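To be precise, the following lines are my_file.cif, and they hold mmCIF, C-alpha atoms.
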```
data_protein
#
loop_
_atom_site.label_atom_id
_atom_site.label_comp_id
_atom_site.auth_asym_id
_atom_site.auth_seq_id
_atom_site.Cartn_x
_atom_site.Cartn_y
_atom_site.Cartn_z
CA ARG A 1 0.00 0.00 0.00
CA ILE A 2 1.14 3.55 -0.70
CA TYR A 3 0.80 6.32 1.87
CA GLY A 4 2.48 9.57 0.76
CA THR A 5 5.99 8.50 -0.16
CA CYS A 6 6.05 5.28 1.87
CA THR A 7 5.25 1.82 0.57
CA TYR A 8 4.95 -0.96 3.08
CA ASP A 9 3.37 -4.28 3.89
CA GLN A 10 1.10 -4.00 6.91
CA GLN A 11 2.45 -7.31 8.14
CA ASP A 12 6.07 -6.12 7.97
CA PRO A 13 7.46 -5.95 11.53
CA GLU A 14 10.10 -3.48 10.31
CA ARG A 15 7.45 -1.02 9.10
CA PRO A 16 7.91 1.59 11.89
CA ARG A 17 11.58 2.01 10.92
CA GLN A 18 10.56 3.96 7.81
CA TRP A 19 9.66 6.92 10.02
CA ILE A 20 13.04 6.95 11.82
CA LEU A 21 15.37 8.78 9.45
CA MET A 22 18.68 7.73 10.86
CA PRO A 23 21.32 7.29 8.11
CA GLY A 24 20.90 3.52 7.85
CA ASN A 25 17.16 3.85 7.33
CA SER A 26 17.15 7.01 5.21
CA ARG A 27 19.47 5.51 2.59
CA VAL A 28 17.09 2.58 2.17
CA ARG A 29 14.06 4.86 2.16
CA TYR A 30 15.58 7.08 -0.51
CA LYS A 31 15.95 4.13 -2.85
CA THR A 32 12.30 3.29 -2.22
CA LEU A 33 11.31 6.89 -2.88
CA ILE A 34 13.05 6.83 -6.28
CA GLU A 35 11.14 3.69 -7.20
CA GLU A 36 7.85 5.13 -6.01
CA ASN A 37 8.33 8.31 -8.02
CA LYS A 38 7.65 6.21 -11.11
CA LEU A 39 4.27 5.28 -9.64
CA PHE A 40 3.53 8.89 -8.83
CA GLU A 41 4.37 9.91 -12.39
CA GLN A 42 1.99 7.27 -13.72
CA GLU A 43 -0.72 8.56 -11.40
CA ALA A 44 -0.12 12.12 -12.60
CA GLU A 45 -0.49 11.00 -16.22
CA HIS A 46 -4.02 9.74 -15.53
CA SER A 47 -5.05 12.17 -12.81
CA ARG A 48 -8.34 14.02 -13.27
CA HIS A 49 -6.48 17.11 -12.03
CA ASN A 50 -4.19 17.08 -15.09
CA ARG A 51 -6.21 17.64 -18.26
CA TYR A 52 -5.14 17.71 -21.88
CA ILE A 53 -7.61 19.88 -23.82
CA ASP A 54 -7.02 19.62 -27.55
CA GLY A 55 -7.37 22.56 -29.91
CA PRO A 56 -7.31 23.05 -33.68
CA ASP A 57 -4.43 25.56 -33.80
CA LYS A 58 -1.19 23.59 -33.39
CA SER A 59 1.09 26.58 -33.85
CA MET A 60 1.39 26.72 -30.08
CA GLY A 61 0.68 24.45 -27.15
CA ILE A 62 0.02 25.95 -23.73
CA ILE A 63 1.05 24.36 -20.44
CA ALA A 64 -0.82 26.14 -17.64
CA CYS A 65 -0.06 25.39 -13.99
CA GLY A 66 -2.84 25.78 -11.44
CA LEU A 67 -4.34 29.27 -11.35
CA ALA A 68 -2.56 30.23 -14.55
CA TYR A 69 -5.16 28.15 -16.41
CA ASN A 70 -7.82 30.66 -15.32
CA TYR A 71 -5.82 33.52 -16.83
CA ILE A 72 -5.66 31.64 -20.12
CA MET A 73 -9.39 30.99 -20.22
CA GLU A 74 -10.26 34.58 -19.27
CA ASN A 75 -8.66 35.57 -22.56
CA PHE A 76 -10.62 32.92 -24.50
CA PRO A 77 -14.21 33.07 -23.20
CA GLU A 78 -15.41 31.19 -26.28
CA GLY A 79 -12.78 28.48 -25.89
CA CYS A 80 -9.04 28.34 -26.43
CA PRO A 81 -7.98 27.53 -30.03
CA PHE A 82 -4.64 26.11 -28.85
CA PRO A 83 -4.09 22.79 -27.12
CA VAL A 84 -3.87 23.32 -23.35
CA LEU A 85 -2.34 21.05 -20.73
CA LYS A 86 -3.67 22.04 -17.32
CA ILE A 87 -1.36 20.80 -14.56
CA SER A 88 -2.58 20.65 -10.96
CA GLN A 89 -0.94 17.45 -9.72
CA TYR A 90 2.75 16.59 -9.69
CA PRO A 91 5.21 15.07 -10.56
CA LEU A 92 5.13 16.60 -14.02
CA PRO A 93 3.11 14.33 -16.37
CA THR A 94 5.96 13.86 -18.81
CA ALA A 95 4.03 11.75 -21.33
CA LEU A 96 1.40 14.49 -21.73
CA VAL A 97 4.12 17.11 -22.13
CA GLN A 98 5.86 15.00 -24.78
CA ARG A 99 2.56 14.48 -26.59
CA MET A 100 2.04 18.25 -26.77
CA ALA A 101 5.61 18.81 -27.95
CA SER A 102 5.15 16.28 -30.73
CA GLU A 103 1.90 17.90 -31.94
CA CYS A 104 2.71 21.62 -31.60
CA ARG A 105 5.32 23.89 -33.17
CA SER A 106 6.05 25.81 -29.95
CA LEU A 107 5.19 25.70 -26.24
CA LEU A 108 4.11 28.48 -23.89
CA ILE A 109 4.57 27.73 -20.17
CA VAL A 110 2.33 29.82 -17.90
CA GLU A 111 3.05 29.42 -14.19
CA GLU A 112 3.12 31.58 -11.08
CA GLY A 113 6.31 32.20 -9.13
CA GLN A 114 9.53 30.59 -10.25
CA PRO A 115 9.75 29.06 -13.75
CA LEU A 116 10.21 25.54 -12.39
CA VAL A 117 8.10 23.72 -14.97
CA GLU A 118 9.65 25.75 -17.77
CA GLU A 119 13.13 24.74 -16.62
CA MET A 120 12.11 21.08 -16.31
CA ILE A 121 10.58 21.04 -19.77
CA ARG A 122 13.66 22.61 -21.34
CA GLY A 123 15.68 19.70 -19.98
CA LEU A 124 13.02 17.09 -20.70
CA LEU A 125 12.38 17.58 -24.40
CA GLY A 126 14.81 16.12 -26.86
CA THR A 127 13.13 17.69 -29.88
CA PRO A 128 14.22 21.23 -30.87
CA ILE A 129 10.98 23.07 -30.12
CA PRO A 130 10.76 26.73 -28.98
CA VAL A 131 9.77 26.98 -25.32
CA LYS A 132 8.38 30.35 -24.23
CA GLY A 133 7.58 31.68 -20.79
CA ARG A 134 9.22 33.64 -18.00
CA LEU A 135 12.75 32.66 -19.01
CA SER A 136 12.36 33.79 -22.61
CA GLY A 137 10.65 37.09 -21.82
CA GLU A 138 7.14 36.45 -23.14
CA LEU A 139 5.99 36.61 -19.52
CA PRO A 140 7.54 38.89 -16.86
CA ARG A 141 10.38 37.25 -14.94
CA THR A 142 9.22 38.84 -11.68
CA GLY A 143 5.85 39.62 -10.16
CA GLU A 144 2.49 37.92 -10.36
CA LEU A 145 0.68 36.86 -13.49
CA THR A 146 -2.43 38.73 -14.60
CA PRO A 147 -4.90 38.09 -17.41
CA ASP A 148 -3.40 41.11 -19.19
CA ASN A 149 0.28 40.06 -19.20
CA VAL A 150 -0.77 36.52 -20.12
CA ARG A 151 -2.75 38.06 -22.97
CA GLY A 152 0.43 39.61 -24.32
CA ALA A 153 2.21 36.24 -24.21
CA LEU A 154 -0.67 34.73 -26.20
CA GLY A 155 -0.13 37.31 -28.95
CA LEU A 156 -3.55 38.90 -28.48
CA PRO A 157 -4.11 42.66 -28.92
CA ARG A 158 -4.10 44.85 -25.84
CA ARG A 159 -7.51 45.59 -24.31
CA GLU A 160 -8.75 49.09 -23.56
CA SER A 161 -9.36 48.10 -19.94
CA GLU A 162 -5.66 47.23 -19.58
CA ALA A 163 -4.59 50.72 -20.60
CA ALA A 164 -7.18 52.27 -18.28
CA SER A 165 -6.01 50.18 -15.32
CA GLN A 166 -2.55 51.73 -15.56
CA LEU A 167 -4.05 55.16 -14.88
CA THR A 168 -5.32 54.08 -11.47
CA MET A 169 -3.43 55.63 -8.57
CA PRO A 170 -1.81 52.83 -6.53
CA ARG A 171 -2.72 52.69 -2.84
CA PRO A 172 0.07 51.14 -0.78
CA PRO A 173 -0.84 49.22 2.38
CA ALA A 174 -0.73 51.12 5.66
CA LEU A 175 -1.32 50.57 9.35
CA CYS A 176 -4.98 51.10 10.23
CA GLN A 177 -6.01 54.40 11.75
CA GLY A 178 -6.17 53.87 15.50
CA CYS A 179 -3.75 50.92 15.42
CA GLY A 180 -1.58 50.58 18.53
CA HIS A 181 1.47 49.85 16.38
CA ARG A 182 1.29 53.45 15.18
CA ASP A 183 1.82 54.81 18.69
CA VAL A 184 4.64 52.31 19.30
CA TYR A 185 6.54 53.45 16.21
CA THR A 186 5.89 57.11 16.93
CA ALA A 187 7.39 56.81 20.41
CA LEU A 188 10.25 54.61 19.22
CA ASN A 189 11.15 57.07 16.46
CA ASP A 190 11.03 60.00 18.85
CA VAL A 191 13.49 58.37 21.25
CA LEU A 192 15.88 56.85 18.72
CA ARG A 193 16.13 59.82 16.37
CA GLU A 194 16.64 62.30 19.19
CA HIS A 195 19.08 60.37 21.35
CA TYR A 196 20.57 57.50 19.31
CA PRO A 197 21.46 58.45 15.72
CA ASP A 198 23.31 55.14 15.17
CA HIS A 199 20.35 52.96 16.16
CA LYS A 200 19.19 49.83 14.33
CA VAL A 201 15.68 48.40 14.55
CA PHE A 202 15.24 44.78 13.50
CA SER A 203 11.60 43.95 12.80
CA ASP A 204 9.65 40.81 12.01
CA ILE A 205 6.76 39.50 9.93
CA GLY A 206 3.31 40.82 10.76
CA CYS A 207 1.09 43.82 10.10
CA TYR A 208 3.59 45.89 12.15
CA THR A 209 6.08 45.38 9.28
CA LEU A 210 4.18 48.24 7.65
CA GLY A 211 6.18 50.45 10.00
CA SER A 212 8.83 50.36 7.28
CA LEU A 213 6.64 52.60 5.11
CA PRO A 214 5.95 56.32 5.38
CA PRO A 215 5.26 58.13 7.58
CA PHE A 216 7.16 55.99 10.09
CA ARG A 217 10.11 54.40 8.27
CA ALA A 218 10.88 52.95 11.68
CA ILE A 219 12.49 49.59 10.88
CA ASP A 220 15.65 48.44 9.11
CA THR A 221 15.00 44.74 8.47
CA CYS A 222 12.31 42.11 8.00
CA VAL A 223 13.65 38.72 6.94
CA GLU A 224 11.76 35.81 8.49
CA MET A 225 9.65 34.90 11.49
CA GLY A 226 11.73 35.28 14.64
CA ALA A 227 14.69 36.92 12.91
CA SER A 228 14.13 40.25 14.63
CA VAL A 229 15.45 39.03 17.97
CA THR A 230 18.28 36.93 16.55
CA MET A 231 19.47 39.74 14.27
CA ALA A 232 19.29 42.24 17.12
CA LYS A 233 21.32 39.86 19.28
CA GLY A 234 23.93 39.30 16.60
CA ALA A 235 24.25 43.03 15.95
CA ALA A 236 24.54 43.81 19.66
CA ASP A 237 27.15 41.10 20.15
CA GLY A 238 29.08 42.74 17.32
CA GLY A 239 28.99 46.14 19.01
CA GLN A 240 25.81 47.72 17.67
CA PHE A 241 24.10 50.08 20.14
CA PRO A 242 21.28 50.48 20.52
CA SER A 243 20.01 47.25 19.04
CA VAL A 244 16.22 47.04 19.10
CA ALA A 245 13.97 44.17 18.03
CA VAL A 246 10.29 44.66 17.20
CA ILE A 247 8.14 41.54 17.08
CA GLY A 248 4.41 40.81 17.38
CA ASP A 249 2.81 38.71 20.09
CA SER A 250 1.88 35.80 17.80
CA THR A 251 5.21 35.83 15.96
CA PHE A 252 7.00 35.89 19.31
CA THR A 253 5.29 32.68 20.43
CA HIS A 254 5.77 31.16 16.97
CA SER A 255 9.53 31.54 16.72
CA GLY A 256 10.78 34.41 18.86
CA MET A 257 10.98 32.66 22.22
CA THR A 258 14.03 30.55 21.43
CA ALA A 259 15.84 33.65 20.18
CA LEU A 260 15.03 35.51 23.40
CA LEU A 261 16.33 32.57 25.44
CA ASP A 262 19.58 32.67 23.49
CA ALA A 263 19.91 36.42 24.12
CA VAL A 264 19.30 35.89 27.85
CA ASN A 265 21.88 33.10 28.04
CA GLU A 266 24.46 35.31 26.32
CA LYS A 267 23.48 38.44 28.31
CA SER A 268 23.17 40.38 25.05
CA ASN A 269 22.52 44.10 25.26
CA ILE A 270 19.22 44.30 23.36
CA THR A 271 15.79 45.82 23.81
CA VAL A 272 12.91 43.67 22.56
CA VAL A 273 9.56 45.32 21.84
CA ILE A 274 6.77 42.74 21.74
CA SER A 275 3.95 44.75 20.20
CA ASP A 276 0.93 42.94 21.61
CA ASN A 277 -2.35 43.62 19.82
CA LEU A 278 -3.99 40.61 21.52
CA THR A 279 -4.63 38.80 18.27
CA THR A 280 -3.11 37.20 15.20
CA GLY A 281 -4.18 40.04 12.96
CA MET A 282 -2.85 38.86 9.57
CA THR A 283 -4.56 35.46 9.53
CA GLY A 284 -8.07 36.06 10.81
CA GLY A 285 -7.89 37.58 14.29
CA GLN A 286 -7.56 34.41 16.36
CA ASP A 287 -5.82 34.41 19.73
CA SER A 288 -2.08 33.87 19.64
CA ALA A 289 -0.52 31.07 21.66
CA GLY A 290 0.77 33.55 24.24
CA THR A 291 -2.26 35.81 24.61
CA GLY A 292 -2.33 37.03 28.22
CA ARG A 293 0.88 35.25 29.18
CA LEU A 294 3.71 37.18 27.55
CA GLU A 295 5.11 38.51 30.84
CA GLN A 296 5.22 35.03 32.35
CA ILE A 297 6.83 33.59 29.22
CA CYS A 298 9.56 36.25 29.20
CA ALA A 299 10.20 35.77 32.93
CA GLY A 300 10.35 32.01 32.43
CA LEU A 301 12.96 32.50 29.70
CA GLY A 302 15.11 34.41 32.17
CA VAL A 303 14.42 38.09 31.52
CA GLU A 304 14.72 40.03 34.78
CA PRO A 305 11.15 40.83 35.97
CA GLU A 306 11.98 44.50 36.58
CA HIS A 307 12.97 44.76 32.91
CA ILE A 308 9.69 43.37 31.56
CA ARG A 309 7.69 46.57 31.11
CA VAL A 310 4.06 46.80 29.96
CA VAL A 311 2.70 50.03 28.46
CA VAL A 312 -0.58 50.99 26.78
CA PRO A 313 0.06 52.54 23.34
CA LEU A 314 -2.22 55.56 23.32
CA PRO A 315 -1.40 59.18 22.49
CA LYS A 316 -2.10 60.22 26.10
CA ASN A 317 0.57 57.77 27.32
CA MET A 318 3.23 58.86 24.85
CA GLU A 319 5.52 60.47 27.43
CA GLU A 320 5.45 57.33 29.59
CA ILE A 321 6.23 55.13 26.58
CA ARG A 322 9.15 57.31 25.52
CA ARG A 323 10.57 57.26 29.03
CA THR A 324 10.22 53.47 29.25
CA ILE A 325 11.98 52.96 25.91
CA ARG A 326 14.83 55.24 26.94
CA GLU A 327 15.28 53.52 30.32
CA GLU A 328 15.34 50.03 28.83
CA ILE A 329 17.76 50.99 26.06
CA GLU A 330 20.13 52.27 28.72
CA TYR A 331 19.90 49.00 30.66
CA LYS A 332 22.93 46.85 29.82
CA GLY A 333 21.27 43.53 29.21
CA VAL A 334 18.10 41.97 27.82
CA SER A 335 14.97 44.01 28.38
CA VAL A 336 11.45 43.55 27.07
CA ILE A 337 8.80 46.22 26.49
CA ILE A 338 5.24 45.02 25.85
CA PRO A 339 2.98 47.71 24.37
CA ARG A 340 -0.48 46.14 24.76
CA ARG A 341 -3.69 47.30 23.11
CA GLU A 342 -6.22 45.27 21.17
CA CYS A 343 -6.14 45.35 17.37
CA ILE A 344 -8.59 48.01 16.20
CA GLN A 345 -10.23 45.61 13.72
CA THR A 346 -10.65 42.85 16.29
CA ALA A 347 -12.03 45.36 18.79
CA LYS A 348 -14.66 46.44 16.26
CA ARG A 349 -15.78 42.84 15.77
CA HIS A 350 -15.92 42.20 19.51
CA ASN A 351 -17.95 45.36 20.11
CA ALA A 352 -20.34 44.43 17.31
CA LYS A 353 -20.94 41.02 18.91
CA LYS A 354 -21.63 42.60 22.27
CA GLN A 355 -24.16 44.98 20.76
#
```

Represent the structure of the file as structure tokens.
Amino acid sequence: RIYGTCTYDQQDPERPRQWILMPGNSRVRYKTLIEENKLFEQEAEHSRHNRYIDGPDKSMGIIACGLAYNYIMENFPEGCPFPVLKISQYPLPTALVQRMASECRSLLIVEEGQPLVEEMIRGLLGTPIPVKGRLSGELPRTGELTPDNVRGALGLPRRESEAASQLTMPRPPALCQGCGHRDVYTALNDVLREHYPDHKVFSDIGCYTLGSLPPFRAIDTCVEMGASVTMAKGAADGGQFPSVAVIGDSTFTHSGMTALLDAVNEKSNITVVISDNLTTGMTGGQDSAGTGRLEQICAGLGVEPEHIRVVVPLPKNMEEIRRTIREEIEYKGVSVIIPRRECIQTAKRHNAKKQ
């Protein structure tokens, strides 16, 4: 029987070993995986998720991956005249690709993100057939696909709506009016720009990352979840002062806690701002794993209790917040500031439920 990438006999007493990837087992499992890939390829060839839709015009065959198929069909509401291979299950159905290459004079590969299928097909086909896509310039090498740029790759004339859309004024994302992160960045900027011209602020992934944009321009980095604390620690250990990390409450419990523990163990001179809006704002407004327990978590990781400071980010408290930031930056060690106020969007939903 096949489960994922593991084939086994239910009566095999050695079956549990396949889940223990020590070197002796993993080498055996890798051989099995190579063999099973052939089965997966066969399944992809006959999968209902991979469809070969023939068309009368063989001058070009189109290989569309996932959502890209929708962009193709938006440009052909009456039906596409070219053969189309819609791919939604992998490994790549090589037999279907080879069939299209044998019937068509060129191939257009339409896929989001990296040109992985286009690269595979260029190495797969032995016949000299033109392959077009992101690598050849018919589609943009960067950015997302749209029905309009796919239309250009199909050789269709530009639509009037496409030209009109370019006249629309772009509206960049911004922190919501009334958001507590706004007050945090305002106070942080006031302190750092007035007293510490050589400061560095290492941020993290969340809605507070928008503090990089005007009018705040308050952060210097955003790399990955949890990197704010580790980068601040590394910079501080290398002599950077002040070294400030800004991280959200849910990101902190996701991957910031281990970094804080490392900073405590090394006695690094950093100030960590855990901007607590009492929710996981970017993914639906659910509670984070540390909601209501951030102080206890930080104390449990070894931060001195007197250097775990909680403030309420409101304009009326701005002087207190500035003073707290200044005091904790001057402390030679790990300090944590927790500005806590509920996300404005979550608060609206909660108030609506109450009413």

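Among the candidates A:Arg341, A:Lys332, A:Arg326, A:His199, the one nearest to A:Val310 when counting all atoms listed in the file is A:Arg341.
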
Which protein, DNA or RNA residues have an atom at most 12 Å from (3.4, 16.5, -24.9), counting only C-alpha atoms? List them as an MDAnalysis selection string.
chainID A and resid 45 51:54 58 60:63 83:86 92:107 121 124:127 129

Residue with smallest distance to A:Glu342 - pool A:Gln355, A:Ser275, A:Gln296, A:Gln42, counting all atoms listed in the file
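Of A:Gln355, A:Ser275, A:Gln296, A:Gln42, the one nearest A:Glu342, counting all atoms listed in the file, is A:Ser275.
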
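Here atom CA of A:Ile325 stands at a distance of 7.1 Å from atom CA of A:Leu188.
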
Point-to-point distance from atom CA of A:Gly239 to atom CA of A:Val264, Å rounded to tenths:
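Atom CA of A:Gly239 sits 16.6 Å away from atom CA of A:Val264.
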
Selection near A:Arg309, 8 Å with only C-alpha atoms, sequence-local residues under 3 positions removed, as a PyMOL selection string
chain A and resi 306+324+336-338

When distances are computed from only C-alpha atoms, which of A:Gln18, A:Asp237, A:Lys348, A:Phe252 shows the smallest separation from A:Tyr30?
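Nearest to A:Tyr30: A:Gln18.
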